[in-house]
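Data from coords-v8.pdb: PDB, C-alpha atoms
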```
MODEL        1
ATOM      1  CA  ALA A   1     105.171 120.115  94.076  1.00  0.00           C
ATOM      2  CA  GLN A   2     105.052 118.328  97.381  1.00  0.00           C
ATOM      3  CA  SER A   3     105.557 120.125 100.674  1.00  0.00           C
ATOM      4  CA  VAL A   4     104.916 119.471 104.337  1.00  0.00           C
ATOM      5  CA  THR A   5     104.494 121.923 107.201  1.00  0.00           C
ATOM      6  CA  GLN A   6     104.823 121.070 110.852  1.00  0.00           C
ATOM      7  CA  LEU A   7     102.917 123.776 112.622  1.00  0.00           C
ATOM      8  CA  ASP A   8     104.735 123.685 115.965  1.00  0.00           C
ATOM      9  CA  SER A   9     108.494 123.629 116.436  1.00  0.00           C
ATOM     10  CA  HIS A  10     108.132 122.785 120.154  1.00  0.00           C
ATOM     11  CA  VAL A  11     105.350 121.101 122.118  1.00  0.00           C
ATOM     12  CA  SER A  12     105.339 120.558 125.891  1.00  0.00           C
ATOM     13  CA  VAL A  13     102.914 118.237 127.651  1.00  0.00           C
ATOM     14  CA  SER A  14     102.677 116.758 131.111  1.00  0.00           C
ATOM     15  CA  GLU A  15     103.177 113.040 131.557  1.00  0.00           C
ATOM     16  CA  GLY A  16      99.870 111.221 131.230  1.00  0.00           C
ATOM     17  CA  THR A  17      98.177 113.948 129.148  1.00  0.00           C
ATOM     18  CA  PRO A  18      97.352 113.721 125.424  1.00  0.00           C
ATOM     19  CA  VAL A  19      99.843 114.539 122.691  1.00  0.00           C
ATOM     20  CA  LEU A  20      98.960 116.360 119.451  1.00  0.00           C
ATOM     21  CA  LEU A  21     101.644 117.096 116.848  1.00  0.00           C
ATOM     22  CA  ARG A  22     100.320 118.877 113.788  1.00  0.00           C
ATOM     23  CA  CYS A  23     101.271 118.333 110.162  1.00  0.00           C
ATOM     24  CA  ASN A  24      99.804 119.774 106.975  1.00  0.00           C
ATOM     25  CA  TYR A  25     100.840 118.735 103.513  1.00  0.00           C
ATOM     26  CA  SER A  26     100.553 119.979  99.981  1.00  0.00           C
ATOM     27  CA  SER A  27     100.397 117.495  97.151  1.00  0.00           C
ATOM     28  CA  SER A  28      99.129 117.323  93.604  1.00  0.00           C
ATOM     29  CA  TYR A  29      98.722 113.589  93.964  1.00  0.00           C
ATOM     30  CA  SER A  30      97.414 111.171  96.530  1.00  0.00           C
ATOM     31  CA  PRO A  31     100.400 111.175  98.866  1.00  0.00           C
ATOM     32  CA  SER A  32     102.077 108.648 101.091  1.00  0.00           C
ATOM     33  CA  LEU A  33     102.644 110.187 104.512  1.00  0.00           C
ATOM     34  CA  PHE A  34     104.839 109.134 107.401  1.00  0.00           C
ATOM     35  CA  TRP A  35     105.747 110.096 110.934  1.00  0.00           C
ATOM     36  CA  TYR A  36     109.253 109.416 112.189  1.00  0.00           C
ATOM     37  CA  VAL A  37     110.684 109.837 115.682  1.00  0.00           C
ATOM     38  CA  GLN A  38     114.298 110.656 116.501  1.00  0.00           C
ATOM     39  CA  HIS A  39     115.658 110.364 120.010  1.00  0.00           C
ATOM     40  CA  PRO A  40     118.830 112.315 120.832  1.00  0.00           C
ATOM     41  CA  ASN A  41     121.898 111.115 118.925  1.00  0.00           C
ATOM     42  CA  LYS A  42     119.904 108.327 117.291  1.00  0.00           C
ATOM     43  CA  GLY A  43     118.636 107.520 113.822  1.00  0.00           C
ATOM     44  CA  LEU A  44     115.033 107.950 112.763  1.00  0.00           C
ATOM     45  CA  GLN A  45     112.403 105.324 113.563  1.00  0.00           C
ATOM     46  CA  LEU A  46     109.207 104.920 111.576  1.00  0.00           C
ATOM     47  CA  LEU A  47     106.176 105.455 113.820  1.00  0.00           C
ATOM     48  CA  LEU A  48     103.446 104.969 111.238  1.00  0.00           C
ATOM     49  CA  LYS A  49     102.579 105.430 107.580  1.00  0.00           C
ATOM     50  CA  TYR A  50      99.570 106.249 105.437  1.00  0.00           C
ATOM     51  CA  THR A  51      99.540 104.736 101.955  1.00  0.00           C
ATOM     52  CA  SER A  52      95.914 105.250 100.790  1.00  0.00           C
ATOM     53  CA  ALA A  53      94.329 102.482 102.825  1.00  0.00           C
ATOM     54  CA  ALA A  54      92.525 103.265 106.112  1.00  0.00           C
ATOM     55  CA  THR A  55      92.545 106.967 106.984  1.00  0.00           C
ATOM     56  CA  LEU A  56      93.135 106.278 110.677  1.00  0.00           C
ATOM     57  CA  VAL A  57      96.563 104.772 111.008  1.00  0.00           C
ATOM     58  CA  LYS A  58      97.841 103.102 114.137  1.00  0.00           C
ATOM     59  CA  GLY A  59     101.545 102.998 114.817  1.00  0.00           C
ATOM     60  CA  ILE A  60     103.983 101.854 117.416  1.00  0.00           C
ATOM     61  CA  ASN A  61     104.084 102.946 121.076  1.00  0.00           C
ATOM     62  CA  GLY A  62     100.418 103.969 121.129  1.00  0.00           C
ATOM     63  CA  PHE A  63     100.672 106.671 118.464  1.00  0.00           C
ATOM     64  CA  GLU A  64      98.112 107.132 115.736  1.00  0.00           C
ATOM     65  CA  ALA A  65      97.421 109.626 112.957  1.00  0.00           C
ATOM     66  CA  GLU A  66      94.400 110.494 110.871  1.00  0.00           C
ATOM     67  CA  PHE A  67      94.646 111.398 107.190  1.00  0.00           C
ATOM     68  CA  LYS A  68      92.146 114.172 106.390  1.00  0.00           C
ATOM     69  CA  LYS A  69      92.160 114.976 102.713  1.00  0.00           C
ATOM     70  CA  SER A  70      89.718 117.877 103.038  1.00  0.00           C
ATOM     71  CA  GLU A  71      92.025 119.557 105.557  1.00  0.00           C
ATOM     72  CA  THR A  72      95.275 118.301 103.976  1.00  0.00           C
ATOM     73  CA  SER A  73      96.352 117.234 107.440  1.00  0.00           C
ATOM     74  CA  PHE A  74      98.035 114.234 109.026  1.00  0.00           C
ATOM     75  CA  HIS A  75      98.220 115.039 112.726  1.00  0.00           C
ATOM     76  CA  LEU A  76      99.929 112.670 115.164  1.00  0.00           C
ATOM     77  CA  THR A  77      98.230 111.869 118.461  1.00  0.00           C
ATOM     78  CA  LYS A  78      98.726 109.771 121.567  1.00  0.00           C
ATOM     79  CA  PRO A  79      96.202 109.534 124.416  1.00  0.00           C
ATOM     80  CA  SER A  80      98.737 109.599 127.245  1.00  0.00           C
ATOM     81  CA  ALA A  81     102.305 110.879 127.057  1.00  0.00           C
ATOM     82  CA  HIS A  82     105.166 108.972 128.608  1.00  0.00           C
ATOM     83  CA  MET A  83     108.544 110.394 129.559  1.00  0.00           C
ATOM     84  CA  SER A  84     110.162 108.205 126.908  1.00  0.00           C
ATOM     85  CA  ASP A  85     108.164 110.000 124.193  1.00  0.00           C
ATOM     86  CA  ALA A  86     110.379 113.069 124.541  1.00  0.00           C
ATOM     87  CA  ALA A  87     112.081 113.320 121.143  1.00  0.00           C
ATOM     88  CA  GLU A  88     112.043 115.054 117.765  1.00  0.00           C
ATOM     89  CA  TYR A  89     109.186 114.098 115.441  1.00  0.00           C
ATOM     90  CA  PHE A  90     109.249 114.497 111.662  1.00  0.00           C
ATOM     91  CA  CYS A  91     106.295 114.434 109.297  1.00  0.00           C
ATOM     92  CA  VAL A  92     107.319 113.196 105.843  1.00  0.00           C
ATOM     93  CA  VAL A  93     105.589 113.050 102.458  1.00  0.00           C
ATOM     94  CA  SER A  94     106.795 110.959  99.573  1.00  0.00           C
ATOM     95  CA  ASP A  95     107.269 112.242  96.073  1.00  0.00           C
ATOM     96  CA  PRO A  96     104.934 110.088  93.959  1.00  0.00           C
ATOM     97  CA  SER A  97     106.917 110.575  90.762  1.00  0.00           C
ATOM     98  CA  GLY A  98     108.945 107.484  91.543  1.00  0.00           C
ATOM     99  CA  THR A  99     112.187 109.270  92.321  1.00  0.00           C
ATOM    100  CA  TYR A 100     112.306 107.866  95.861  1.00  0.00           C
ATOM    101  CA  LYS A 101     112.620 111.396  97.245  1.00  0.00           C
ATOM    102  CA  TYR A 102     110.921 112.074 100.542  1.00  0.00           C
ATOM    103  CA  ILE A 103     110.163 115.580 101.769  1.00  0.00           C
ATOM    104  CA  PHE A 104     110.718 116.194 105.476  1.00  0.00           C
ATOM    105  CA  GLY A 105     108.963 118.702 107.670  1.00  0.00           C
ATOM    106  CA  THR A 106     111.113 120.891 109.887  1.00  0.00           C
ATOM    107  CA  GLY A 107     110.406 118.785 112.954  1.00  0.00           C
ATOM    108  CA  THR A 108     108.581 119.171 116.262  1.00  0.00           C
ATOM    109  CA  ARG A 109     110.444 118.744 119.518  1.00  0.00           C
ATOM    110  CA  LEU A 110     108.227 117.105 122.114  1.00  0.00           C
ATOM    111  CA  LYS A 111     109.012 117.751 125.760  1.00  0.00           C
ATOM    112  CA  VAL A 112     107.284 115.672 128.434  1.00  0.00           C
ATOM    113  CA  LEU A 113     107.097 117.176 131.896  1.00  0.00           C
ATOM    114  CA  ALA A 114     107.001 115.020 135.013  1.00  0.00           C
TER     115      ALA A 114
ATOM    116  CA  ASP B   1     116.922  91.084 109.698  1.00  0.00           C
ATOM    117  CA  THR B   2     115.048  94.385 109.730  1.00  0.00           C
ATOM    118  CA  GLU B   3     117.950  96.702 110.388  1.00  0.00           C
ATOM    119  CA  VAL B   4     120.232  99.093 108.594  1.00  0.00           C
ATOM    120  CA  THR B   5     123.712  98.909 110.105  1.00  0.00           C
ATOM    121  CA  GLN B   6     126.097 101.845 109.887  1.00  0.00           C
ATOM    122  CA  THR B   7     129.777 101.884 110.805  1.00  0.00           C
ATOM    123  CA  PRO B   8     131.536 103.548 112.423  1.00  0.00           C
ATOM    124  CA  LYS B   9     129.193 105.186 114.936  1.00  0.00           C
ATOM    125  CA  HIS B  10     131.624 108.037 115.527  1.00  0.00           C
ATOM    126  CA  LEU B  11     134.425 109.394 113.338  1.00  0.00           C
ATOM    127  CA  VAL B  12     136.862 112.243 113.847  1.00  0.00           C
ATOM    128  CA  MET B  13     138.956 113.160 110.823  1.00  0.00           C
ATOM    129  CA  GLY B  14     141.326 115.872 109.759  1.00  0.00           C
ATOM    130  CA  MET B  15     140.751 117.957 106.680  1.00  0.00           C
ATOM    131  CA  THR B  16     143.420 116.081 104.730  1.00  0.00           C
ATOM    132  CA  ASN B  17     142.244 112.580 105.665  1.00  0.00           C
ATOM    133  CA  LYS B  18     140.428 110.033 103.548  1.00  0.00           C
ATOM    134  CA  LYS B  19     137.812 107.925 105.298  1.00  0.00           C
ATOM    135  CA  SER B  20     134.747 105.884 104.413  1.00  0.00           C
ATOM    136  CA  LEU B  21     131.346 105.391 105.981  1.00  0.00           C
ATOM    137  CA  LYS B  22     129.662 102.033 105.542  1.00  0.00           C
ATOM    138  CA  CYS B  23     126.037 100.982 105.453  1.00  0.00           C
ATOM    139  CA  GLU B  24     124.559  97.495 105.166  1.00  0.00           C
ATOM    140  CA  GLN B  25     121.049  96.079 104.944  1.00  0.00           C
ATOM    141  CA  HIS B  26     119.707  92.576 104.347  1.00  0.00           C
ATOM    142  CA  MET B  27     116.026  93.348 103.854  1.00  0.00           C
ATOM    143  CA  GLY B  28     116.187  93.041 100.079  1.00  0.00           C
ATOM    144  CA  HIS B  29     115.535  96.751  99.656  1.00  0.00           C
ATOM    145  CA  ARG B  30     116.644  97.986  96.243  1.00  0.00           C
ATOM    146  CA  ALA B  31     116.833 101.697  97.103  1.00  0.00           C
ATOM    147  CA  MET B  32     119.471 103.077  99.450  1.00  0.00           C
ATOM    148  CA  TYR B  33     120.102 106.635 100.573  1.00  0.00           C
ATOM    149  CA  TRP B  34     122.613 108.920 102.224  1.00  0.00           C
ATOM    150  CA  TYR B  35     121.327 111.813 104.293  1.00  0.00           C
ATOM    151  CA  LYS B  36     123.176 114.549 106.172  1.00  0.00           C
ATOM    152  CA  GLN B  37     121.658 115.971 109.342  1.00  0.00           C
ATOM    153  CA  LYS B  38     122.860 119.051 111.160  1.00  0.00           C
ATOM    154  CA  ALA B  39     121.831 119.704 114.751  1.00  0.00           C
ATOM    155  CA  LYS B  40     118.178 120.674 115.253  1.00  0.00           C
ATOM    156  CA  LYS B  41     117.453 120.293 111.517  1.00  0.00           C
ATOM    157  CA  PRO B  42     115.679 117.668 109.420  1.00  0.00           C
ATOM    158  CA  PRO B  43     117.785 115.264 107.363  1.00  0.00           C
ATOM    159  CA  GLU B  44     118.925 116.535 103.960  1.00  0.00           C
ATOM    160  CA  LEU B  45     119.083 114.110 101.066  1.00  0.00           C
ATOM    161  CA  MET B  46     122.516 113.652  99.505  1.00  0.00           C
ATOM    162  CA  PHE B  47     122.340 110.584  97.248  1.00  0.00           C
ATOM    163  CA  VAL B  48     119.887 107.899  96.169  1.00  0.00           C
ATOM    164  CA  TYR B  49     120.837 104.553  94.692  1.00  0.00           C
ATOM    165  CA  SER B  50     118.182 102.512  92.947  1.00  0.00           C
ATOM    166  CA  TYR B  51     119.096  98.983  91.883  1.00  0.00           C
ATOM    167  CA  GLU B  52     122.762  99.792  92.551  1.00  0.00           C
ATOM    168  CA  LYS B  53     122.731 102.764  90.195  1.00  0.00           C
ATOM    169  CA  LEU B  54     123.047 106.362  91.311  1.00  0.00           C
ATOM    170  CA  SER B  55     119.681 107.944  90.565  1.00  0.00           C
ATOM    171  CA  ILE B  56     119.848 111.176  92.555  1.00  0.00           C
ATOM    172  CA  ASN B  57     122.777 113.411  93.480  1.00  0.00           C
ATOM    173  CA  GLU B  58     121.529 116.510  95.248  1.00  0.00           C
ATOM    174  CA  SER B  59     124.406 118.702  94.043  1.00  0.00           C
ATOM    175  CA  VAL B  60     126.693 117.328  96.715  1.00  0.00           C
ATOM    176  CA  PRO B  61     130.359 118.516  96.622  1.00  0.00           C
ATOM    177  CA  SER B  62     132.770 116.064  95.042  1.00  0.00           C
ATOM    178  CA  ARG B  63     134.601 115.606  98.350  1.00  0.00           C
ATOM    179  CA  PHE B  64     131.721 113.192  99.088  1.00  0.00           C
ATOM    180  CA  SER B  65     131.815 110.140  96.815  1.00  0.00           C
ATOM    181  CA  PRO B  66     129.152 107.429  97.106  1.00  0.00           C
ATOM    182  CA  GLU B  67     129.558 103.833  96.062  1.00  0.00           C
ATOM    183  CA  CYS B  68     127.129 100.917  95.920  1.00  0.00           C
ATOM    184  CA  PRO B  69     129.158  97.717  95.496  1.00  0.00           C
ATOM    185  CA  ASN B  70     126.084  95.459  95.659  1.00  0.00           C
ATOM    186  CA  SER B  71     122.425  95.508  96.636  1.00  0.00           C
ATOM    187  CA  SER B  72     123.213  95.217 100.362  1.00  0.00           C
ATOM    188  CA  LEU B  73     126.065  97.684 100.758  1.00  0.00           C
ATOM    189  CA  LEU B  74     126.432 101.424 100.455  1.00  0.00           C
ATOM    190  CA  ASN B  75     129.600 103.382 101.106  1.00  0.00           C
ATOM    191  CA  LEU B  76     130.332 107.082 101.385  1.00  0.00           C
ATOM    192  CA  HIS B  77     133.946 108.005 100.702  1.00  0.00           C
ATOM    193  CA  LEU B  78     135.165 111.206 102.300  1.00  0.00           C
ATOM    194  CA  HIS B  79     138.164 113.276 101.245  1.00  0.00           C
ATOM    195  CA  ALA B  80     139.349 116.782 102.029  1.00  0.00           C
ATOM    196  CA  LEU B  81     136.317 117.626 104.125  1.00  0.00           C
ATOM    197  CA  GLN B  82     135.677 120.961 105.761  1.00  0.00           C
ATOM    198  CA  PRO B  83     134.686 121.616 109.392  1.00  0.00           C
ATOM    199  CA  GLU B  84     131.183 122.589 108.207  1.00  0.00           C
ATOM    200  CA  ASP B  85     130.768 118.998 106.983  1.00  0.00           C
ATOM    201  CA  SER B  86     130.598 117.869 110.607  1.00  0.00           C
ATOM    202  CA  ALA B  87     127.146 116.311 111.030  1.00  0.00           C
ATOM    203  CA  LEU B  88     125.214 113.096 111.584  1.00  0.00           C
ATOM    204  CA  TYR B  89     125.293 111.018 108.402  1.00  0.00           C
ATOM    205  CA  LEU B  90     122.329 108.725 108.050  1.00  0.00           C
ATOM    206  CA  CYS B  91     121.897 105.786 105.722  1.00  0.00           C
ATOM    207  CA  ALA B  92     118.456 104.483 104.833  1.00  0.00           C
ATOM    208  CA  SER B  93     116.908 101.857 102.624  1.00  0.00           C
ATOM    209  CA  SER B  94     113.447 101.232 101.219  1.00  0.00           C
ATOM    210  CA  PRO B  95     111.406  98.957  98.998  1.00  0.00           C
ATOM    211  CA  PRO B  96     109.602 100.774  96.192  1.00  0.00           C
ATOM    212  CA  ALA B  97     108.733 104.407  96.829  1.00  0.00           C
ATOM    213  CA  GLY B  98     105.820 105.055  99.176  1.00  0.00           C
ATOM    214  CA  PHE B  99     106.554 102.338 101.698  1.00  0.00           C
ATOM    215  CA  GLY B 100     108.795 104.279 104.059  1.00  0.00           C
ATOM    216  CA  TYR B 101     112.458 104.250 104.859  1.00  0.00           C
ATOM    217  CA  THR B 102     114.356 102.174 107.376  1.00  0.00           C
ATOM    218  CA  PHE B 103     117.131 104.320 108.824  1.00  0.00           C
ATOM    219  CA  GLY B 104     120.408 103.322 110.373  1.00  0.00           C
ATOM    220  CA  SER B 105     121.503 104.891 113.639  1.00  0.00           C
ATOM    221  CA  GLY B 106     123.977 107.130 111.861  1.00  0.00           C
ATOM    222  CA  THR B 107     127.646 108.081 111.928  1.00  0.00           C
ATOM    223  CA  ARG B 108     128.509 111.181 113.940  1.00  0.00           C
ATOM    224  CA  LEU B 109     131.269 112.843 111.912  1.00  0.00           C
ATOM    225  CA  THR B 110     133.537 115.558 113.276  1.00  0.00           C
ATOM    226  CA  VAL B 111     135.992 117.284 110.943  1.00  0.00           C
ATOM    227  CA  VAL B 112     138.888 119.008 112.699  1.00  0.00           C
TER     228      VAL B 112
ENDMDL
END
```
Kindly transcribe the structure held in the file into structure tokens.
Amino acid sequence: AQSVTQLDSHVSVSEGTPVLLRCNYSSSYSPSLFWYVQHPNKGLQLLLKYTSAATLVKGINGFEAEFKKSETSFHLTKPSAHMSDAAEYFCVVSDPSGTYKYIFGTGTRLKVLA
Amino acid sequence: DTEVTQTPKHLVMGMTNKKSLKCEQHMGHRAMYWYKQKAKKPPELMFVYSYEKLSINESVPSRFSPECPNSSLLNLHLHALQPEDSALYLCASSPPAGFGYTFGSGTRLTVV
């Protein structure tokens, strides 16, 4: 069965410092993995996705993530945080059985301090 | 057009009302979804339509009734809801599995 664990429920960083949001997954298959961002009272926006091509994936707004099969991780990073990055971030793994079900992590709330 | 459009953005309804949420996409996606999201929680899957047929119903109470009139539209009919059904209802669409969802901005539903 698929599962995804976001290791931190809250992360605080200062503006201009690096961001690291951690995600580990469990999968019997080669998974597709995604990071989504949700700003307050908004829908979810796709930041980036891994679908078995390059292991280092670049997304929007300067975010990137590295798929590490040996560590079953897909951590999200950004070199320099901006105030507008403050939001909820979800790591998601797809169910490869073709049912279209996606499994969401519990979310990480990123706070950016001025 | 790369958007999923949901209407209305906000809805307040009484427990005896009947209302509908609407979702529309013109990206040619053949899978469409309804999710429910409570505050400070991840979205919870309710229904999946694949090629206009209901393929997944996550044991959702019958007071929620989905409908997919065509490949671009998805409705969620609401009747006799409870206050605990108050939440953000999100619609999403996708091409084949593994390519990621496109979400709408949601309908904030309050049941009074």
Practice task
Check which residues satisfy the ChimeraX specification (/A :<9) & /B in the file shown, then give them as a PyMOL selection string.
Solution key: chain B and resi 31+40-45+48+50+55-56+88+90-91+94+96-106+108
Now that the selection is made, can you save its residues with C-alpha atoms as a PDB file, keeping the file's coordinate frame?
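Okay, part.pdb is ready:
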```
ATOM      1  CA  ALA B  31     116.833 101.697  97.103  1.00  0.00           C
ATOM      2  CA  LYS B  40     118.178 120.674 115.253  1.00  0.00           C
ATOM      3  CA  LYS B  41     117.453 120.293 111.517  1.00  0.00           C
ATOM      4  CA  PRO B  42     115.679 117.668 109.420  1.00  0.00           C
ATOM      5  CA  PRO B  43     117.785 115.264 107.363  1.00  0.00           C
ATOM      6  CA  GLU B  44     118.925 116.535 103.960  1.00  0.00           C
ATOM      7  CA  LEU B  45     119.083 114.110 101.066  1.00  0.00           C
ATOM      8  CA  VAL B  48     119.887 107.899  96.169  1.00  0.00           C
ATOM      9  CA  SER B  50     118.182 102.512  92.947  1.00  0.00           C
ATOM     10  CA  SER B  55     119.681 107.944  90.565  1.00  0.00           C
ATOM     11  CA  ILE B  56     119.848 111.176  92.555  1.00  0.00           C
ATOM     12  CA  LEU B  88     125.214 113.096 111.584  1.00  0.00           C
ATOM     13  CA  LEU B  90     122.329 108.725 108.050  1.00  0.00           C
ATOM     14  CA  CYS B  91     121.897 105.786 105.722  1.00  0.00           C
ATOM     15  CA  SER B  94     113.447 101.232 101.219  1.00  0.00           C
ATOM     16  CA  PRO B  96     109.602 100.774  96.192  1.00  0.00           C
ATOM     17  CA  ALA B  97     108.733 104.407  96.829  1.00  0.00           C
ATOM     18  CA  GLY B  98     105.820 105.055  99.176  1.00  0.00           C
ATOM     19  CA  PHE B  99     106.554 102.338 101.698  1.00  0.00           C
ATOM     20  CA  GLY B 100     108.795 104.279 104.059  1.00  0.00           C
ATOM     21  CA  TYR B 101     112.458 104.250 104.859  1.00  0.00           C
ATOM     22  CA  THR B 102     114.356 102.174 107.376  1.00  0.00           C
ATOM     23  CA  PHE B 103     117.131 104.320 108.824  1.00  0.00           C
ATOM     24  CA  GLY B 104     120.408 103.322 110.373  1.00  0.00           C
ATOM     25  CA  SER B 105     121.503 104.891 113.639  1.00  0.00           C
ATOM     26  CA  GLY B 106     123.977 107.130 111.861  1.00  0.00           C
ATOM     27  CA  ARG B 108     128.509 111.181 113.940  1.00  0.00           C
TER      28      ARG B 108
END
```
Exercise for the section: State, in Å with one decimal place, the distance from CA of Pro69 (chain B) to CA of Lys53 (chain B). Expected result: 9.7 Å
Exercise for the section: Can you give me, as a ChimeraX atom specification, the residues this file yields under the PyMOL selection byres ((chain A and resi 25-27) around 6)? Expected result: /A:2-4,24,28-29,72
With the cut-off set at 7 Å and counting all atoms listed in the file, tabulate each residue of region 30-103 of chain A with an atom at most that distance from an atom of region 8-15 of chain A, showing the nearest atom pair and its distance in Å to one decimal, ordered by chain and increasing number, as CSV.
```
residue,atom,partner,partner_atom,distance
A:Ala81,CA,A:Glu15,CA,5.1
A:His82,CA,A:Glu15,CA,5.4
A:Met83,CA,A:Glu15,CA,6.3
```
Problem - Residue IDs satisfying the PyMOL selection byres ((chain B and resi 7) around 7), as a PyMOL selection string - result: chain B and resi 5-6+8-9+21-23+107
Take the residues just selected and output them with C-alpha atoms as a tab-separated table (two decimals), in the coordinates of the input.
```tsv
chain	number	residue	atom	x	y	z
B	5	THR	CA	123.71	98.91	110.10
B	6	GLN	CA	126.10	101.84	109.89
B	8	PRO	CA	131.54	103.55	112.42
B	9	LYS	CA	129.19	105.19	114.94
B	21	LEU	CA	131.35	105.39	105.98
B	22	LYS	CA	129.66	102.03	105.54
B	23	CYS	CA	126.04	100.98	105.45
B	107	THR	CA	127.65	108.08	111.93
```
Handout entry: Computed interatomic separation between CA of Lys18 (chain B) and CA of Arg63 (chain B) (Å)
Key = 9.6 Å
Practice task
Can you work out the spacing between CA of Gly16 (chain A) and CA of Leu113 (chain A) in Å, to one decimal?
Solution key: 9.4 Å
Put the listed atoms of region 74-87 of chain B in a box along x, y and z with 8 Å added on every side and give me the centre and edge lengths in Å to one decimal, as lines of an AutoDock Vina configuration file.
```
center_x = 132.9
center_y = 112.0
center_z = 105.7
size_x = 28.9
size_y = 37.2
size_z = 26.6
```
Problem - Shell around Leu78 (chain B) at 9 Å using only C-alpha atoms, local window under 3 positions removed, as a PyMOL selection string - result: chain B and resi 17-21+63-66+81
Applying 6 Å and all atoms listed in the file, which residues near Phe47 (chain B) remain after dropping the ones on its own chain fewer than 4 positions away? List them as a PDB file with C-alpha atoms, in the coordinates of the input.
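The result, written out as part30.pdb:
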```pdb
ATOM      1  CA  TYR B  33     120.102 106.635 100.573  1.00  0.00           C
ATOM      2  CA  TRP B  34     122.613 108.920 102.224  1.00  0.00           C
ATOM      3  CA  ILE B  56     119.848 111.176  92.555  1.00  0.00           C
ATOM      4  CA  ASN B  57     122.777 113.411  93.480  1.00  0.00           C
TER       5      ASN B  57
END
```
